[in-house]
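Chemist: The following file, upload.cif, comprises mmCIF, C-alpha atoms:
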data_data
#
loop_
_atom_site.label_atom_id
_atom_site.label_comp_id
_atom_site.auth_asym_id
_atom_site.auth_seq_id
_atom_site.Cartn_x
_atom_site.Cartn_y
_atom_site.Cartn_z
CA VAL O 423 -96.39 -50.02 -154.88
CA ALA O 424 -96.16 -46.25 -154.66
CA LEU O 425 -93.20 -44.05 -153.88
CA GLY O 426 -92.93 -43.63 -150.10
CA ASP O 427 -94.98 -46.75 -149.29
CA ARG O 428 -93.91 -49.48 -146.86
CA LEU O 429 -93.34 -52.97 -148.31
CA VAL O 430 -92.84 -56.22 -146.39
CA LEU O 431 -91.61 -59.34 -148.19
CA SER O 432 -91.91 -62.75 -146.51
CA CYS O 433 -90.06 -65.98 -147.19
CA ALA O 434 -91.15 -69.46 -146.06
CA VAL O 435 -89.85 -72.97 -146.71
CA ALA O 436 -91.80 -76.21 -146.90
CA ALA O 437 -89.14 -78.36 -145.25
CA GLY O 438 -85.65 -78.17 -143.83
CA THR O 439 -83.56 -79.68 -141.07
CA GLY O 440 -81.80 -77.71 -138.38
CA ALA O 441 -81.68 -73.98 -138.01
CA LEU O 442 -82.57 -72.01 -141.12
CA SER O 443 -80.72 -68.90 -142.21
CA PHE O 444 -82.37 -66.38 -144.55
CA SER O 445 -80.87 -63.65 -146.70
CA TRP O 446 -82.50 -61.18 -149.09
CA HIS O 447 -80.98 -60.03 -152.38
CA ARG O 448 -81.88 -57.63 -155.19
CA GLU O 449 -80.51 -58.22 -158.67
CA GLY O 450 -77.58 -55.93 -159.31
CA SER O 451 -76.72 -55.58 -155.61
CA ALA O 452 -73.87 -57.73 -154.29
CA ALA O 453 -74.48 -57.33 -150.56
CA PRO O 454 -77.50 -58.92 -148.87
CA LEU O 455 -80.29 -56.46 -148.07
CA GLY O 456 -81.26 -58.22 -144.88
CA THR O 457 -81.48 -61.47 -142.94
CA GLY O 458 -84.47 -63.24 -141.47
CA PRO O 459 -87.70 -64.53 -142.99
CA ARG O 460 -89.03 -60.96 -143.56
CA LEU O 461 -87.59 -57.96 -145.37
CA GLU O 462 -89.14 -54.59 -144.56
CA LEU O 463 -88.60 -51.60 -146.85
CA ARG O 464 -89.97 -48.67 -144.84
CA ARG O 465 -90.12 -45.81 -147.39
CA LEU O 466 -89.80 -46.98 -150.96
CA GLY O 467 -87.71 -44.85 -153.29
CA ASP O 468 -87.13 -44.93 -157.05
CA ASN O 469 -84.01 -47.03 -156.49
CA ASP O 470 -86.00 -49.79 -154.72
CA SER O 471 -87.51 -51.07 -157.98
CA GLY O 472 -86.02 -54.41 -159.01
CA ARG O 473 -86.14 -58.18 -158.71
CA TYR O 474 -85.92 -59.56 -155.16
CA ARG O 475 -85.03 -63.09 -154.04
CA CYS O 476 -84.86 -64.89 -150.73
CA ARG O 477 -82.09 -67.44 -150.08
CA VAL O 478 -82.51 -70.07 -147.36
CA SER O 479 -79.90 -72.44 -146.01
CA ASP O 480 -80.17 -75.17 -143.37
CA GLY O 481 -76.43 -75.81 -143.23
CA ASP O 482 -76.60 -78.85 -145.54
CA SER O 483 -78.40 -77.37 -148.53
CA ALA O 484 -79.59 -74.02 -149.86
CA ALA O 485 -82.58 -72.90 -151.90
CA GLU O 486 -83.53 -69.67 -153.61
CA SER O 487 -87.00 -68.28 -154.23
CA ASP O 488 -88.31 -67.23 -157.61
CA ALA O 489 -87.67 -63.57 -158.29
CA LEU O 490 -90.34 -61.12 -157.19
CA ASN O 491 -90.51 -58.04 -159.38
CA VAL O 492 -91.09 -54.82 -157.41
CA THR O 493 -91.98 -51.68 -159.33
CA VAL O 494 -92.10 -48.39 -157.47
CA LEU O 495 -94.67 -46.10 -159.09
CA VAL O 496 -94.31 -42.33 -158.92
CA PRO O 497 -97.25 -39.92 -158.46
CA VAL O 498 -97.61 -37.16 -161.06
CA ALA O 499 -96.06 -33.82 -160.15
CA ASN O 500 -95.31 -30.44 -161.68
CA ALA O 501 -97.80 -30.25 -164.53
CA THR O 502 -96.90 -27.46 -166.95
CA ILE O 503 -98.48 -25.93 -170.04
CA THR O 504 -96.39 -24.95 -173.04
CA ALA O 505 -97.96 -22.76 -175.70
CA GLY O 506 -97.02 -22.95 -179.36
CA PRO O 507 -95.76 -19.81 -181.09
CA LEU O 508 -98.31 -17.06 -180.56
CA SER O 509 -98.76 -13.52 -181.74
CA HIS O 510 -99.66 -10.89 -179.15
CA PRO O 511 -102.52 -10.15 -179.10
CA VAL O 512 -103.97 -13.39 -180.44
CA PRO O 513 -106.21 -12.44 -183.35
CA ALA O 514 -109.55 -14.16 -183.87
CA GLY O 515 -109.27 -16.88 -186.50
CA ASP O 516 -105.78 -18.03 -185.46
CA THR O 517 -104.97 -21.49 -184.14
CA VAL O 518 -103.55 -21.90 -180.63
CA THR O 519 -101.96 -25.16 -179.48
CA LEU O 520 -101.32 -25.84 -175.79
CA ARG O 521 -99.30 -28.86 -174.58
CA CYS O 522 -99.48 -30.29 -171.07
CA SER O 523 -96.64 -32.33 -169.57
CA VAL O 524 -95.49 -33.50 -166.15
CA GLN O 525 -91.99 -33.49 -164.69
CA VAL O 526 -92.51 -36.92 -163.08
CA GLY O 527 -95.21 -39.55 -162.95
CA SER O 528 -95.51 -43.24 -163.74
CA ALA O 529 -97.52 -44.12 -166.83
CA PRO O 530 -100.28 -44.09 -167.73
CA VAL O 531 -100.82 -40.36 -167.17
CA THR O 532 -104.07 -38.81 -168.36
CA PHE O 533 -104.60 -35.11 -169.07
CA THR O 534 -107.79 -33.07 -168.71
CA TRP O 535 -108.11 -29.47 -169.92
CA LEU O 536 -110.09 -26.81 -168.07
CA HIS O 537 -111.31 -23.52 -169.56
CA ASN O 538 -112.44 -21.09 -166.86
CA GLY O 539 -112.66 -24.06 -164.47
CA GLN O 540 -114.83 -26.24 -166.75
CA GLU O 541 -113.61 -29.42 -168.46
CA VAL O 542 -113.30 -28.91 -172.22
CA ALA O 543 -111.01 -31.67 -173.53
CA ARG O 544 -108.79 -34.65 -172.71
CA GLY O 545 -105.30 -35.53 -173.90
CA PRO O 546 -101.85 -33.89 -173.71
CA LEU O 547 -102.62 -31.41 -176.54
CA LEU O 548 -105.35 -28.81 -176.72
CA GLU O 549 -105.73 -27.32 -180.18
CA LEU O 550 -108.01 -24.33 -180.52
CA GLY O 551 -108.63 -23.76 -184.22
CA ASP O 552 -110.28 -20.69 -185.68
CA ILE O 553 -110.40 -19.11 -182.23
CA GLU O 554 -112.88 -16.44 -181.30
CA VAL O 555 -113.44 -14.10 -178.38
CA GLY O 556 -115.33 -16.89 -176.56
CA HIS O 557 -112.02 -18.79 -176.26
CA SER O 558 -110.65 -16.00 -174.03
CA GLY O 559 -110.13 -16.90 -170.38
CA THR O 560 -107.91 -19.10 -168.27
CA TYR O 561 -106.74 -22.59 -169.20
CA GLN O 562 -105.32 -25.25 -166.92
CA CYS O 563 -104.49 -28.90 -167.34
CA VAL O 564 -104.95 -31.60 -164.74
CA ALA O 565 -102.53 -34.53 -164.97
CA THR O 566 -103.70 -37.74 -163.28
CA ASN O 567 -102.28 -41.18 -162.61
CA GLN O 568 -103.51 -44.11 -160.53
CA LEU O 569 -101.19 -46.17 -158.37
CA GLY O 570 -101.64 -49.55 -156.80
CA GLN O 571 -102.90 -52.85 -158.16
CA ASP O 572 -106.53 -51.79 -157.95
CA GLY O 573 -105.91 -48.17 -158.96
CA HIS O 574 -107.64 -46.87 -155.82
CA ARG O 575 -104.97 -44.22 -155.17
CA VAL O 576 -105.43 -41.35 -157.59
CA PHE O 577 -102.92 -38.50 -157.82
CA ARG O 578 -103.54 -35.21 -159.60
CA ALA O 579 -101.24 -32.33 -160.47
CA LEU O 580 -102.80 -29.02 -161.50
CA SER O 581 -100.84 -26.79 -163.88
CA THR O 582 -100.28 -23.08 -163.67
CA GLU O 583 -103.13 -21.06 -165.14
CA VAL O 584 -102.57 -19.73 -168.64
CA ALA O 585 -104.64 -16.69 -169.62
CA LEU O 586 -105.64 -16.38 -173.27
CA GLU O 587 -107.08 -13.18 -174.64
CA VAL O 588 -108.51 -13.20 -178.14
CA THR O 589 -109.07 -9.95 -180.00
CA THR O 590 -110.89 -9.16 -183.20
CA TRP O 591 -109.01 -7.25 -185.90
CA GLY O 592 -110.82 -3.99 -185.08
CA GLN O 593 -109.79 -3.97 -181.40
CA ARG O 594 -106.58 -2.47 -180.06
CA ASN O 595 -105.53 -4.61 -177.15
CA THR O 596 -102.49 -6.10 -175.47
CA GLY O 597 -103.95 -9.60 -175.21
CA GLY O 598 -102.03 -12.83 -175.51
CA VAL O 599 -101.07 -15.73 -173.33
CA THR O 600 -99.80 -15.16 -169.80
CA GLN O 601 -98.88 -17.49 -166.94
CA GLY O 602 -100.79 -17.47 -163.64
CA HIS O 603 -100.54 -19.28 -160.31
CA GLN O 604 -98.82 -22.66 -159.86
CA GLY O 605 -100.98 -25.61 -158.89
CA VAL O 606 -99.98 -28.35 -156.47
CA GLN O 607 -100.12 -32.12 -156.32
CA HIS O 608 -103.18 -33.56 -154.57
CA PRO O 609 -103.73 -37.23 -153.71
CA TRP O 610 -107.33 -38.40 -153.62
CA SER O 611 -108.59 -41.80 -152.61
CA ASP O 612 -111.39 -43.22 -154.74
CA GLY O 613 -112.04 -46.20 -152.51
#
Can the structure from this file be put into structure tokens for me?
Modeler:
Amino acid sequence: VALGDRLVLSCAVAAGTGALSFSWHREGSAAPLGTGPRLELRRLGDNDSGRYRCRVSDGDSAAESDALNVTVLVPVANATITAGPLSHPVPAGDTVTLRCSVQVGSAPVTFTWLHNGQEVARGPLLELGDIEVGHSGTYQCVATNQLGQDGHRVFRALSTEVALEVTTWGQRNTGGVTQGHQGVQHPWSDG
């Protein structure tokens, strides 16, 4: 289940005599989370991950359900690009390495690199070896993860633009790598 989702757990018994009392428990928490045959968690947070059990008593005997493991998955957010050590301007023939990372996001997270808005590579690292003037332009990374059992909820975080200017040895220029505008997190539904 995804961060912020609603989750309802239900408990049922095959047989029992008299009035039944229900209580809900999460491992590591001493106090019951609720009573009744249903437990509703309205907006799941990181701290709601854990193993849940239902306990039922009819006054004469008690039973406990098997543990249900609940994992709260976090959408990707705050994608950033870090550049390796660079000279300014970046001379043609050098190697430039860019790394994309996210501040938060449940695994697996995939990374896609854009050069001037067009996809050029996948993975957290983009290594541009023996660069030339054609490598000049803006670079962004798109971090993506899919949440839910069927992966139908796709979240993307777009990094800040990084501008790369490549110069040949004969040019006098103040090129290099500069930061641009910050991207935002966008959820898309694929189904």
Chemist: Which of these residues is nearest to Gly559 (chain O), using only C-alpha atoms: O:Ala585, O:Leu431, O:Leu463, O:Val478?
Modeler: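 Ranking O:Ala585, O:Leu431, O:Leu463, O:Val478 by distance to Gly559 (chain O), first place goes to O:Ala585.
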Chemist: Just want the 9 Å neighbourhood of Gly539 (chain O), counted on only C-alpha atoms, with same-chain residues fewer than 3 positions away dropped. Output as a compact mmCIF listing (two decimals) with C-alpha atoms, in the frame of the given file.
Modeler:
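File produced: around.txt:
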# COMPACT_ATOMS: atom_id res chain seq x y z
CA TRP O 535 -108.11 -29.47 -169.92
CA LEU O 536 -110.09 -26.81 -168.07
CA THR O 560 -107.91 -19.10 -168.27
CA TYR O 561 -106.74 -22.59 -169.20
CA GLN O 562 -105.32 -25.25 -166.92
Chemist: Do you know which residues the PyMOL selection byres ((chain O and resi 532) around 12) returns on this file, as a VMD selection string?
Modeler: chain O and resid 498 501 522 to 524 527 to 531 533 to 535 543 to 547 563 to 568 576 to 579
Chemist: I need the chosen residues saved as a PDB file, in the coordinates of the input, with C-alpha atoms.
Modeler:
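See part_15.pdb below for the written result:
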ATOM      1  CA  VAL O 498     -97.610 -37.160-161.060  1.00  0.00           C
ATOM      2  CA  ALA O 501     -97.800 -30.250-164.530  1.00  0.00           C
ATOM      3  CA  CYS O 522     -99.480 -30.290-171.070  1.00  0.00           C
ATOM      4  CA  SER O 523     -96.640 -32.330-169.570  1.00  0.00           C
ATOM      5  CA  VAL O 524     -95.490 -33.500-166.150  1.00  0.00           C
ATOM      6  CA  GLY O 527     -95.210 -39.550-162.950  1.00  0.00           C
ATOM      7  CA  SER O 528     -95.510 -43.240-163.740  1.00  0.00           C
ATOM      8  CA  ALA O 529     -97.520 -44.120-166.830  1.00  0.00           C
ATOM      9  CA  PRO O 530    -100.280 -44.090-167.730  1.00  0.00           C
ATOM     10  CA  VAL O 531    -100.820 -40.360-167.170  1.00  0.00           C
ATOM     11  CA  PHE O 533    -104.600 -35.110-169.070  1.00  0.00           C
ATOM     12  CA  THR O 534    -107.790 -33.070-168.710  1.00  0.00           C
ATOM     13  CA  TRP O 535    -108.110 -29.470-169.920  1.00  0.00           C
ATOM     14  CA  ALA O 543    -111.010 -31.670-173.530  1.00  0.00           C
ATOM     15  CA  ARG O 544    -108.790 -34.650-172.710  1.00  0.00           C
ATOM     16  CA  GLY O 545    -105.300 -35.530-173.900  1.00  0.00           C
ATOM     17  CA  PRO O 546    -101.850 -33.890-173.710  1.00  0.00           C
ATOM     18  CA  LEU O 547    -102.620 -31.410-176.540  1.00  0.00           C
ATOM     19  CA  CYS O 563    -104.490 -28.900-167.340  1.00  0.00           C
ATOM     20  CA  VAL O 564    -104.950 -31.600-164.740  1.00  0.00           C
ATOM     21  CA  ALA O 565    -102.530 -34.530-164.970  1.00  0.00           C
ATOM     22  CA  THR O 566    -103.700 -37.740-163.280  1.00  0.00           C
ATOM     23  CA  ASN O 567    -102.280 -41.180-162.610  1.00  0.00           C
ATOM     24  CA  GLN O 568    -103.510 -44.110-160.530  1.00  0.00           C
ATOM     25  CA  VAL O 576    -105.430 -41.350-157.590  1.00  0.00           C
ATOM     26  CA  PHE O 577    -102.920 -38.500-157.820  1.00  0.00           C
ATOM     27  CA  ARG O 578    -103.540 -35.210-159.600  1.00  0.00           C
ATOM     28  CA  ALA O 579    -101.240 -32.330-160.470  1.00  0.00           C
TER      29      ALA O 579
END
Chemist: Just how far from CA of Val423 (chain O) is CA of Arg448 (chain O), in Å to one decimal?
Modeler: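 So the answer is 16.4 Å.
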Chemist: Can you tell me, as a ChimeraX atom specification, what residues are no more than 7 Å from Gly515 (chain O) when counting all atoms listed in the file, ignoring any on the same chain fewer than 3 positions away?
Modeler: /O:552-554
Chemist: Pull out every residue that the PyMOL selection byres ((chain O and resi 477) around 6) matches in the shown coordinates and put them as a PDB file with C-alpha atoms, in the frame of the given file.
Modeler:
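What landed in selection.pdb:
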ATOM      1  CA  PHE O 444     -82.370 -66.380-144.550  1.00  0.00           C
ATOM      2  CA  SER O 445     -80.870 -63.650-146.700  1.00  0.00           C
ATOM      3  CA  CYS O 476     -84.860 -64.890-150.730  1.00  0.00           C
ATOM      4  CA  VAL O 478     -82.510 -70.070-147.360  1.00  0.00           C
ATOM      5  CA  ALA O 485     -82.580 -72.900-151.900  1.00  0.00           C
ATOM      6  CA  GLU O 486     -83.530 -69.670-153.610  1.00  0.00           C
TER       7      GLU O 486
END
Chemist: So which residues get picked by the PyMOL selection byres ((chain O and resi 479) around 12) here, written as a PyMOL selection string?
Modeler: chain O and resi 434-435+437-446+457-459+476-478+480-487
Chemist: Would you work out the distance separating CA of Gly472 (chain O) from CA of Leu490 (chain O), expressed in Å to one decimal?
Modeler: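 If I compute the distance from CA of Gly472 (chain O) to CA of Leu490 (chain O), I get 8.2 Å.
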Chemist: How many Å separate CA of Ser451 (chain O) from CA of Asp488 (chain O)?
Modeler: 16.6 Å
